[in-house]
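Visitor: Pasting model-v2.cif below, which is mmCIF, C-alpha atoms.
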```cif
data_entry
#
loop_
_atom_site.label_atom_id
_atom_site.label_comp_id
_atom_site.auth_asym_id
_atom_site.auth_seq_id
_atom_site.Cartn_x
_atom_site.Cartn_y
_atom_site.Cartn_z
CA MET A 1 -15.32 10.55 -15.43
CA GLU A 2 -14.43 9.25 -12.00
CA THR A 3 -16.46 6.33 -10.71
CA PRO A 4 -18.66 7.76 -7.89
CA GLU A 5 -17.85 4.93 -5.47
CA ALA A 6 -14.11 5.29 -6.05
CA GLY A 7 -14.35 9.06 -5.70
CA LYS A 8 -16.12 8.79 -2.33
CA GLN A 9 -13.47 6.39 -1.05
CA ASP A 10 -10.63 8.67 -2.22
CA GLU A 11 -12.30 11.59 -0.44
CA THR A 12 -12.60 9.53 2.75
CA ASP A 13 -8.92 8.56 2.54
CA GLU A 14 -7.90 12.20 2.14
CA GLN A 15 -10.03 13.28 5.10
CA THR A 16 -8.61 10.50 7.27
CA ALA A 17 -5.04 11.37 6.27
CA GLY A 18 -5.70 15.04 7.01
CA ALA A 19 -7.11 14.33 10.45
CA ALA A 20 -4.19 12.06 11.24
CA ALA A 21 -1.71 14.71 10.14
CA GLU A 22 -3.29 17.21 12.56
CA ALA A 23 -2.98 14.67 15.36
CA TYR A 24 0.76 14.38 14.68
CA PRO A 25 2.27 17.87 14.27
CA SER A 26 5.57 18.42 12.48
CA ILE A 27 8.61 16.91 14.12
CA GLY A 28 11.02 18.85 11.89
CA ASP A 29 12.77 18.23 8.60
CA TRP A 30 14.99 15.32 7.55
CA ALA A 31 18.23 17.12 8.45
CA GLN A 32 17.06 17.53 12.04
CA CYS A 33 15.40 14.17 12.59
CA SER A 34 17.98 11.98 10.88
CA ALA A 35 20.49 12.87 13.59
CA ASP A 36 18.72 10.22 15.67
CA PRO A 37 20.14 6.85 14.51
CA GLN A 38 16.94 5.02 15.52
CA TYR A 39 14.79 7.36 13.46
CA ARG A 40 17.12 7.19 10.47
CA ALA A 41 17.08 3.38 10.56
CA ALA A 42 13.27 3.41 10.66
CA VAL A 43 13.01 5.70 7.64
CA VAL A 44 15.50 3.65 5.65
CA ASP A 45 13.40 0.57 6.45
CA LEU A 46 10.23 2.37 5.44
CA LEU A 47 11.62 3.65 2.14
CA GLY A 48 13.15 0.26 1.39
CA ALA A 49 9.84 -1.52 1.97
CA LEU A 50 7.95 1.04 -0.05
CA ALA A 51 10.45 0.95 -2.92
CA TYR A 52 10.28 -2.82 -3.17
CA GLY A 53 6.51 -2.65 -3.01
CA GLU A 54 6.41 -0.23 -5.94
CA LEU A 55 8.86 -2.34 -7.96
CA SER A 56 6.82 -5.45 -7.23
CA ALA A 57 3.58 -3.65 -8.18
CA PHE A 58 5.13 -2.68 -11.51
CA GLU A 59 6.03 -6.29 -12.26
CA ARG A 60 2.63 -7.58 -11.15
CA LEU A 61 0.59 -5.08 -13.15
CA ALA A 62 2.67 -5.74 -16.25
CA GLU A 63 2.02 -9.47 -15.80
CA ASP A 64 -1.70 -8.98 -15.11
CA ALA A 65 -2.02 -6.98 -18.32
CA LYS A 66 -1.74 -10.32 -20.13
CA LEU A 67 -5.15 -11.24 -18.68
CA ALA A 68 -6.83 -8.15 -20.09
CA PRO A 69 -9.79 -8.90 -22.36
CA SER A 70 -9.13 -5.97 -24.69
CA LEU A 71 -6.27 -3.86 -25.98
CA GLU A 72 -7.78 -0.84 -24.24
CA ASP A 73 -7.68 -2.64 -20.89
CA LYS A 74 -4.16 -3.91 -21.54
CA ALA A 75 -2.98 -0.38 -22.26
CA ALA A 76 -4.66 0.94 -19.11
CA LEU A 77 -2.88 -1.57 -16.89
CA ALA A 78 0.41 -0.94 -18.66
CA GLY A 79 0.03 2.76 -17.89
CA MET A 80 -0.53 2.01 -14.22
CA ALA A 81 2.54 -0.24 -14.21
CA ALA A 82 4.61 2.60 -15.67
CA ALA A 83 3.37 4.93 -12.91
CA GLU A 84 4.39 2.40 -10.25
CA PHE A 85 7.88 2.17 -11.74
CA GLY A 86 8.09 5.95 -11.66
CA HIS A 87 7.33 5.85 -7.94
CA TYR A 88 10.03 3.22 -7.47
CA ARG A 89 12.59 5.46 -9.16
CA VAL A 90 11.68 8.41 -6.92
CA LEU A 91 12.14 6.27 -3.81
CA SER A 92 15.33 4.70 -5.09
CA GLU A 93 16.77 8.13 -5.80
CA ARG A 94 15.84 9.37 -2.32
CA LEU A 95 17.58 6.40 -0.70
CA ALA A 96 20.69 7.03 -2.76
CA GLY A 97 20.46 10.73 -1.94
CA ILE A 98 20.69 10.06 1.81
CA GLY A 99 23.66 7.76 1.33
CA GLU A 100 21.90 4.40 1.33
CA ASN A 101 22.15 1.56 -1.19
CA PRO A 102 18.58 1.08 -2.55
CA ALA A 103 19.02 -2.66 -3.17
CA GLU A 104 20.30 -3.24 0.36
CA ALA A 105 17.44 -1.18 1.83
CA MET A 106 14.86 -3.22 -0.11
CA GLN A 107 16.31 -6.67 0.54
CA PRO A 108 14.85 -7.28 4.04
CA PHE A 109 11.32 -6.92 2.64
CA ALA A 110 11.64 -8.99 -0.51
CA GLU A 111 10.65 -12.32 1.02
CA ALA A 112 7.46 -11.07 2.70
CA LEU A 113 6.23 -9.23 -0.38
CA GLU A 114 7.05 -12.03 -2.76
CA SER A 115 5.31 -14.48 -0.44
CA PHE A 116 2.20 -12.30 -0.50
CA HIS A 117 2.16 -12.18 -4.28
CA ARG A 118 2.76 -15.93 -4.60
CA MET A 119 -0.18 -16.67 -2.32
CA THR A 120 -2.46 -14.16 -4.04
CA ALA A 121 -1.77 -14.75 -7.73
CA PRO A 122 -5.04 -13.90 -9.55
CA ALA A 123 -6.71 -16.66 -11.54
CA ASP A 124 -8.43 -14.33 -13.98
CA TRP A 125 -8.95 -10.73 -15.04
CA GLU A 126 -11.53 -9.90 -12.38
CA GLU A 127 -9.40 -11.26 -9.54
CA GLY A 128 -6.49 -9.22 -10.87
CA LEU A 129 -8.61 -6.05 -10.79
CA VAL A 130 -9.74 -6.67 -7.22
CA LYS A 131 -6.16 -7.27 -6.15
CA ALA A 132 -4.95 -4.12 -7.92
CA TYR A 133 -7.54 -2.06 -6.07
CA VAL A 134 -7.84 -3.78 -2.70
CA GLY A 135 -4.25 -5.00 -2.31
CA ASP A 136 -2.61 -1.73 -3.27
CA SER A 137 -5.07 0.25 -1.15
CA ILE A 138 -4.24 -1.81 1.95
CA ALA A 139 -0.57 -0.99 1.40
CA ALA A 140 -1.40 2.69 0.86
CA ASP A 141 -3.37 2.80 4.13
CA PHE A 142 -0.43 1.25 5.98
CA TYR A 143 2.03 3.81 4.63
CA ARG A 144 -0.34 6.72 5.29
CA GLU A 145 -0.52 5.58 8.91
CA VAL A 146 3.26 5.77 9.10
CA ALA A 147 3.57 9.00 7.10
CA VAL A 148 1.95 11.17 9.78
CA ARG A 149 4.78 10.28 12.14
CA LEU A 150 7.55 11.28 9.73
CA ASP A 151 9.67 14.36 9.25
CA ASP A 152 8.24 16.91 6.81
CA ASP A 153 10.44 15.90 3.85
CA THR A 154 9.83 12.16 4.15
CA ARG A 155 6.12 12.63 4.85
CA GLU A 156 5.71 14.60 1.62
CA LEU A 157 7.62 11.94 -0.33
CA VAL A 158 5.60 9.02 1.04
CA LEU A 159 2.22 10.68 0.52
CA GLY A 160 3.28 11.63 -3.01
CA VAL A 161 4.14 8.10 -4.08
CA MET A 162 0.96 6.82 -2.44
CA ALA A 163 -1.16 8.94 -4.77
CA ASP A 164 -3.63 6.89 -6.83
CA THR A 165 -2.28 5.86 -10.25
CA GLY A 166 -5.74 5.21 -11.65
CA HIS A 167 -6.35 1.85 -9.96
CA ALA A 168 -9.46 2.95 -8.06
CA GLU A 169 -11.53 4.41 -10.86
CA PHE A 170 -10.51 1.73 -13.37
CA ALA A 171 -10.88 -1.30 -11.08
CA VAL A 172 -14.15 -0.25 -9.45
CA GLY A 173 -15.78 0.46 -12.80
CA LYS A 174 -14.64 -2.79 -14.41
CA VAL A 175 -15.52 -5.01 -11.44
CA ARG A 176 -19.01 -3.54 -11.12
CA GLU A 177 -19.53 -4.01 -14.87
CA ALA A 178 -18.45 -7.65 -14.58
CA ILE A 179 -20.82 -8.31 -11.67
CA ALA A 180 -23.69 -6.65 -13.50
CA ALA A 181 -23.04 -8.91 -16.50
CA ASP A 182 -22.72 -12.07 -14.35
CA PRO A 183 -23.90 -11.68 -10.72
CA ARG A 184 -22.61 -15.16 -9.88
CA ILE A 185 -19.00 -13.94 -9.77
CA GLY A 186 -19.79 -11.56 -6.89
CA GLY A 187 -19.56 -14.27 -4.24
CA ARG A 188 -16.25 -15.56 -5.57
CA LEU A 189 -14.73 -12.08 -5.71
CA ALA A 190 -15.97 -11.31 -2.19
CA LEU A 191 -14.12 -14.37 -0.88
CA TRP A 192 -11.07 -13.32 -2.88
CA GLY A 193 -11.16 -9.86 -1.30
CA ARG A 194 -11.26 -11.39 2.18
CA ARG A 195 -8.31 -13.58 1.35
CA LEU A 196 -6.32 -10.58 0.09
CA MET A 197 -7.02 -8.72 3.31
CA GLY A 198 -5.99 -11.64 5.49
CA GLU A 199 -2.75 -12.27 3.64
CA ALA A 200 -1.85 -8.56 3.49
CA LEU A 201 -2.35 -8.05 7.23
CA SER A 202 -0.43 -11.21 8.04
CA GLN A 203 2.59 -10.11 6.01
CA ALA A 204 2.45 -6.52 7.29
CA GLN A 205 2.34 -7.69 10.92
CA ARG A 206 5.27 -9.97 10.25
CA VAL A 207 7.36 -7.14 8.80
CA VAL A 208 6.53 -4.77 11.65
CA ALA A 209 7.34 -7.39 14.29
CA GLU A 210 10.71 -8.19 12.69
CA ARG A 211 11.93 -4.60 12.25
CA ASP A 212 12.35 -2.91 15.63
CA ALA A 213 13.07 0.59 14.31
CA LEU A 214 10.02 0.49 12.06
CA SER A 215 7.73 -0.80 14.83
CA ASN A 216 8.88 2.03 17.10
CA LEU A 217 8.05 4.55 14.41
CA LEU A 218 4.58 3.08 13.92
CA ILE A 219 3.62 3.50 17.56
CA GLY A 220 4.72 7.05 18.11
CA GLY A 221 7.94 8.06 16.42
CA THR A 222 11.30 8.50 18.05
CA GLU A 223 9.78 9.14 21.49
CA VAL A 224 8.56 5.56 21.85
CA ARG A 225 10.68 2.51 22.54
CA GLY A 226 9.24 -1.00 22.53
CA PHE A 227 6.60 -2.89 20.61
CA ASP A 228 3.11 -1.75 21.73
CA LEU A 229 0.66 -4.37 20.50
CA VAL A 230 -2.35 -2.26 21.50
CA GLU A 231 -1.38 0.70 19.34
CA VAL A 232 -0.41 -1.48 16.40
CA GLY A 233 -3.70 -3.34 16.80
CA LYS A 234 -5.64 -0.07 16.57
CA MET A 235 -3.79 0.81 13.40
CA PHE A 236 -4.66 -2.49 11.76
CA ASN A 237 -8.30 -2.05 12.83
CA ARG A 238 -8.43 1.26 10.96
CA ILE A 239 -6.97 -0.41 7.89
CA THR A 240 -9.60 -3.15 8.13
CA GLU A 241 -12.40 -0.58 8.28
CA ALA A 242 -11.09 1.13 5.15
CA HIS A 243 -10.99 -2.25 3.41
CA THR A 244 -14.67 -2.80 4.24
CA ARG A 245 -15.55 0.50 2.58
CA ARG A 246 -13.58 -0.39 -0.53
CA MET A 247 -15.26 -3.76 -0.86
CA ALA A 248 -18.61 -1.96 -0.71
CA ALA A 249 -17.44 0.39 -3.47
CA LEU A 250 -16.75 -2.70 -5.61
CA GLY A 251 -20.24 -4.01 -4.85
CA LEU A 252 -18.85 -6.87 -2.75
CA ALA A 253 -19.46 -8.05 0.79
CA SER A 254 -16.38 -7.73 3.00
#
```
Would you give me this structure, written as structure tokens?

Guide:
Amino acid sequence: METPEAGKQDETDEQTAGAAAEAYPSIGDWAQCSADPQYRAAVVDLLGALAYGELSAFERLAEDAKLAPSLEDKAALAGMAAAEFGHYRVLSERLAGIGENPAEAMQPFAEALESFHRMTAPADWEEGLVKAYVGDSIAADFYREVAVRLDDDTRELVLGVMADTGHAEFAVGKVREAIAADPRIGGRLALWGRRLMGEALSQAQRVVAERDALSNLLIGGTEVRGFDLVEVGKMFNRITEAHTRRMAALGLAS
């Protein structure tokens, strides 16, 4: 059975994504849009970042499974890791299908993502669960923001790989159980959640600022040229608000 708090958050995410999609009508399919070199470069950047993120998530979840207190929990995390690797393969195949080298497309984003994971290595099982839920959800929110500005084919691909792999229901249930058993850990996990949010936004802003084609896409697609800090700021505010709701679902102060 789905955890009620996780279910409400998933429903909110779907409603937000739907409203955003209506605000950004179709701009055409990949064959049409990729004729613009700026747009093509932005999509290659996006798919490269997303592919490396999924590969990194696979590695992290497999490593975090070692912290699991039971075989059942270990198996659950292993299953999520397998789902993340499946997403990576889909993205890698799409990059190859449009004539791009997946490794080359991912390389520009390796340092930022690895830096994030180094600075947010969980100390225990509960921290790993919060990171799996909060950290991955922040990334999902970021890519959903971008997806509404994409061609139909790429939008469908991105939203598909952003589908929940079971993190929400599993993590929310386990974290709330842990807090109920020992309320003292709630304060520590709340601080941990804030740290995750700060580090994730810092790295995301860095990536956007360094990749001109991607920043243009974020602030309005191929019609916009230049880095609009106001629009990007609004986007990150929406991501922050979603984070606050997720922390509440975990039973933690944001």

Visitor: Mind telling me what the PyMOL selection byres ((chain A and resi 77) around 12) catches here, as a PyMOL selection string?

Guide: chain A and resi 57-76+78-84+125+128-129+132-133+165-168+170-171

Visitor: Dump C-alpha atoms for the selected residues as a PDB file, keeping the file's coordinate frame?

Guide:
```
ATOM      1  CA  ALA A  57       3.580  -3.650  -8.180  1.00  0.00           C
ATOM      2  CA  PHE A  58       5.130  -2.680 -11.510  1.00  0.00           C
ATOM      3  CA  GLU A  59       6.030  -6.290 -12.260  1.00  0.00           C
ATOM      4  CA  ARG A  60       2.630  -7.580 -11.150  1.00  0.00           C
ATOM      5  CA  LEU A  61       0.590  -5.080 -13.150  1.00  0.00           C
ATOM      6  CA  ALA A  62       2.670  -5.740 -16.250  1.00  0.00           C
ATOM      7  CA  GLU A  63       2.020  -9.470 -15.800  1.00  0.00           C
ATOM      8  CA  ASP A  64      -1.700  -8.980 -15.110  1.00  0.00           C
ATOM      9  CA  ALA A  65      -2.020  -6.980 -18.320  1.00  0.00           C
ATOM     10  CA  LYS A  66      -1.740 -10.320 -20.130  1.00  0.00           C
ATOM     11  CA  LEU A  67      -5.150 -11.240 -18.680  1.00  0.00           C
ATOM     12  CA  ALA A  68      -6.830  -8.150 -20.090  1.00  0.00           C
ATOM     13  CA  PRO A  69      -9.790  -8.900 -22.360  1.00  0.00           C
ATOM     14  CA  SER A  70      -9.130  -5.970 -24.690  1.00  0.00           C
ATOM     15  CA  LEU A  71      -6.270  -3.860 -25.980  1.00  0.00           C
ATOM     16  CA  GLU A  72      -7.780  -0.840 -24.240  1.00  0.00           C
ATOM     17  CA  ASP A  73      -7.680  -2.640 -20.890  1.00  0.00           C
ATOM     18  CA  LYS A  74      -4.160  -3.910 -21.540  1.00  0.00           C
ATOM     19  CA  ALA A  75      -2.980  -0.380 -22.260  1.00  0.00           C
ATOM     20  CA  ALA A  76      -4.660   0.940 -19.110  1.00  0.00           C
ATOM     21  CA  ALA A  78       0.410  -0.940 -18.660  1.00  0.00           C
ATOM     22  CA  GLY A  79       0.030   2.760 -17.890  1.00  0.00           C
ATOM     23  CA  MET A  80      -0.530   2.010 -14.220  1.00  0.00           C
ATOM     24  CA  ALA A  81       2.540  -0.240 -14.210  1.00  0.00           C
ATOM     25  CA  ALA A  82       4.610   2.600 -15.670  1.00  0.00           C
ATOM     26  CA  ALA A  83       3.370   4.930 -12.910  1.00  0.00           C
ATOM     27  CA  GLU A  84       4.390   2.400 -10.250  1.00  0.00           C
ATOM     28  CA  TRP A 125      -8.950 -10.730 -15.040  1.00  0.00           C
ATOM     29  CA  GLY A 128      -6.490  -9.220 -10.870  1.00  0.00           C
ATOM     30  CA  LEU A 129      -8.610  -6.050 -10.790  1.00  0.00           C
ATOM     31  CA  ALA A 132      -4.950  -4.120  -7.920  1.00  0.00           C
ATOM     32  CA  TYR A 133      -7.540  -2.060  -6.070  1.00  0.00           C
ATOM     33  CA  THR A 165      -2.280   5.860 -10.250  1.00  0.00           C
ATOM     34  CA  GLY A 166      -5.740   5.210 -11.650  1.00  0.00           C
ATOM     35  CA  HIS A 167      -6.350   1.850  -9.960  1.00  0.00           C
ATOM     36  CA  ALA A 168      -9.460   2.950  -8.060  1.00  0.00           C
ATOM     37  CA  PHE A 170     -10.510   1.730 -13.370  1.00  0.00           C
ATOM     38  CA  ALA A 171     -10.880  -1.300 -11.080  1.00  0.00           C
TER      39      ALA A 171
END
```

Visitor: Using only C-alpha atoms, which of A:Asp212, A:Glu93, A:Glu100, A:Asp136 sits nearest Phe116 (chain A)?

Guide: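 Selected residue with least distance to Phe116 (chain A): A:Asp136.
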
Visitor: Taking the file above as input, evaluate the PyMOL selection byres ((chain A and resi 115) around 12) and report the hits as a PDB file with C-alpha atoms, in the coordinates of the input.

Guide:
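New file out.pdb:
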```
ATOM      1  CA  SER A  56       6.820  -5.450  -7.230  1.00  0.00           C
ATOM      2  CA  PHE A 109      11.320  -6.920   2.640  1.00  0.00           C
ATOM      3  CA  ALA A 110      11.640  -8.990  -0.510  1.00  0.00           C
ATOM      4  CA  GLU A 111      10.650 -12.320   1.020  1.00  0.00           C
ATOM      5  CA  ALA A 112       7.460 -11.070   2.700  1.00  0.00           C
ATOM      6  CA  LEU A 113       6.230  -9.230  -0.380  1.00  0.00           C
ATOM      7  CA  GLU A 114       7.050 -12.030  -2.760  1.00  0.00           C
ATOM      8  CA  PHE A 116       2.200 -12.300  -0.500  1.00  0.00           C
ATOM      9  CA  HIS A 117       2.160 -12.180  -4.280  1.00  0.00           C
ATOM     10  CA  ARG A 118       2.760 -15.930  -4.600  1.00  0.00           C
ATOM     11  CA  MET A 119      -0.180 -16.670  -2.320  1.00  0.00           C
ATOM     12  CA  THR A 120      -2.460 -14.160  -4.040  1.00  0.00           C
ATOM     13  CA  ALA A 121      -1.770 -14.750  -7.730  1.00  0.00           C
ATOM     14  CA  GLU A 199      -2.750 -12.270   3.640  1.00  0.00           C
ATOM     15  CA  ALA A 200      -1.850  -8.560   3.490  1.00  0.00           C
ATOM     16  CA  SER A 202      -0.430 -11.210   8.040  1.00  0.00           C
ATOM     17  CA  GLN A 203       2.590 -10.110   6.010  1.00  0.00           C
ATOM     18  CA  ALA A 204       2.450  -6.520   7.290  1.00  0.00           C
ATOM     19  CA  ARG A 206       5.270  -9.970  10.250  1.00  0.00           C
ATOM     20  CA  VAL A 207       7.360  -7.140   8.800  1.00  0.00           C
TER      21      VAL A 207
END
```

Visitor: Just checking: using all atoms listed in the file, which residue out of A:Ala139, A:Leu50, A:Met235, A:Leu250 ends up closest to Glu177 (chain A)?

Guide: A:Leu250

Visitor: Would you kindly translate the PyMOL selection byres ((chain A and resi 91) around 9) into the concrete residues it picks from this file, as a PyMOL selection string?

Guide: chain A and resi 47-48+50-51+54+86-90+92-96+102+157-158+161
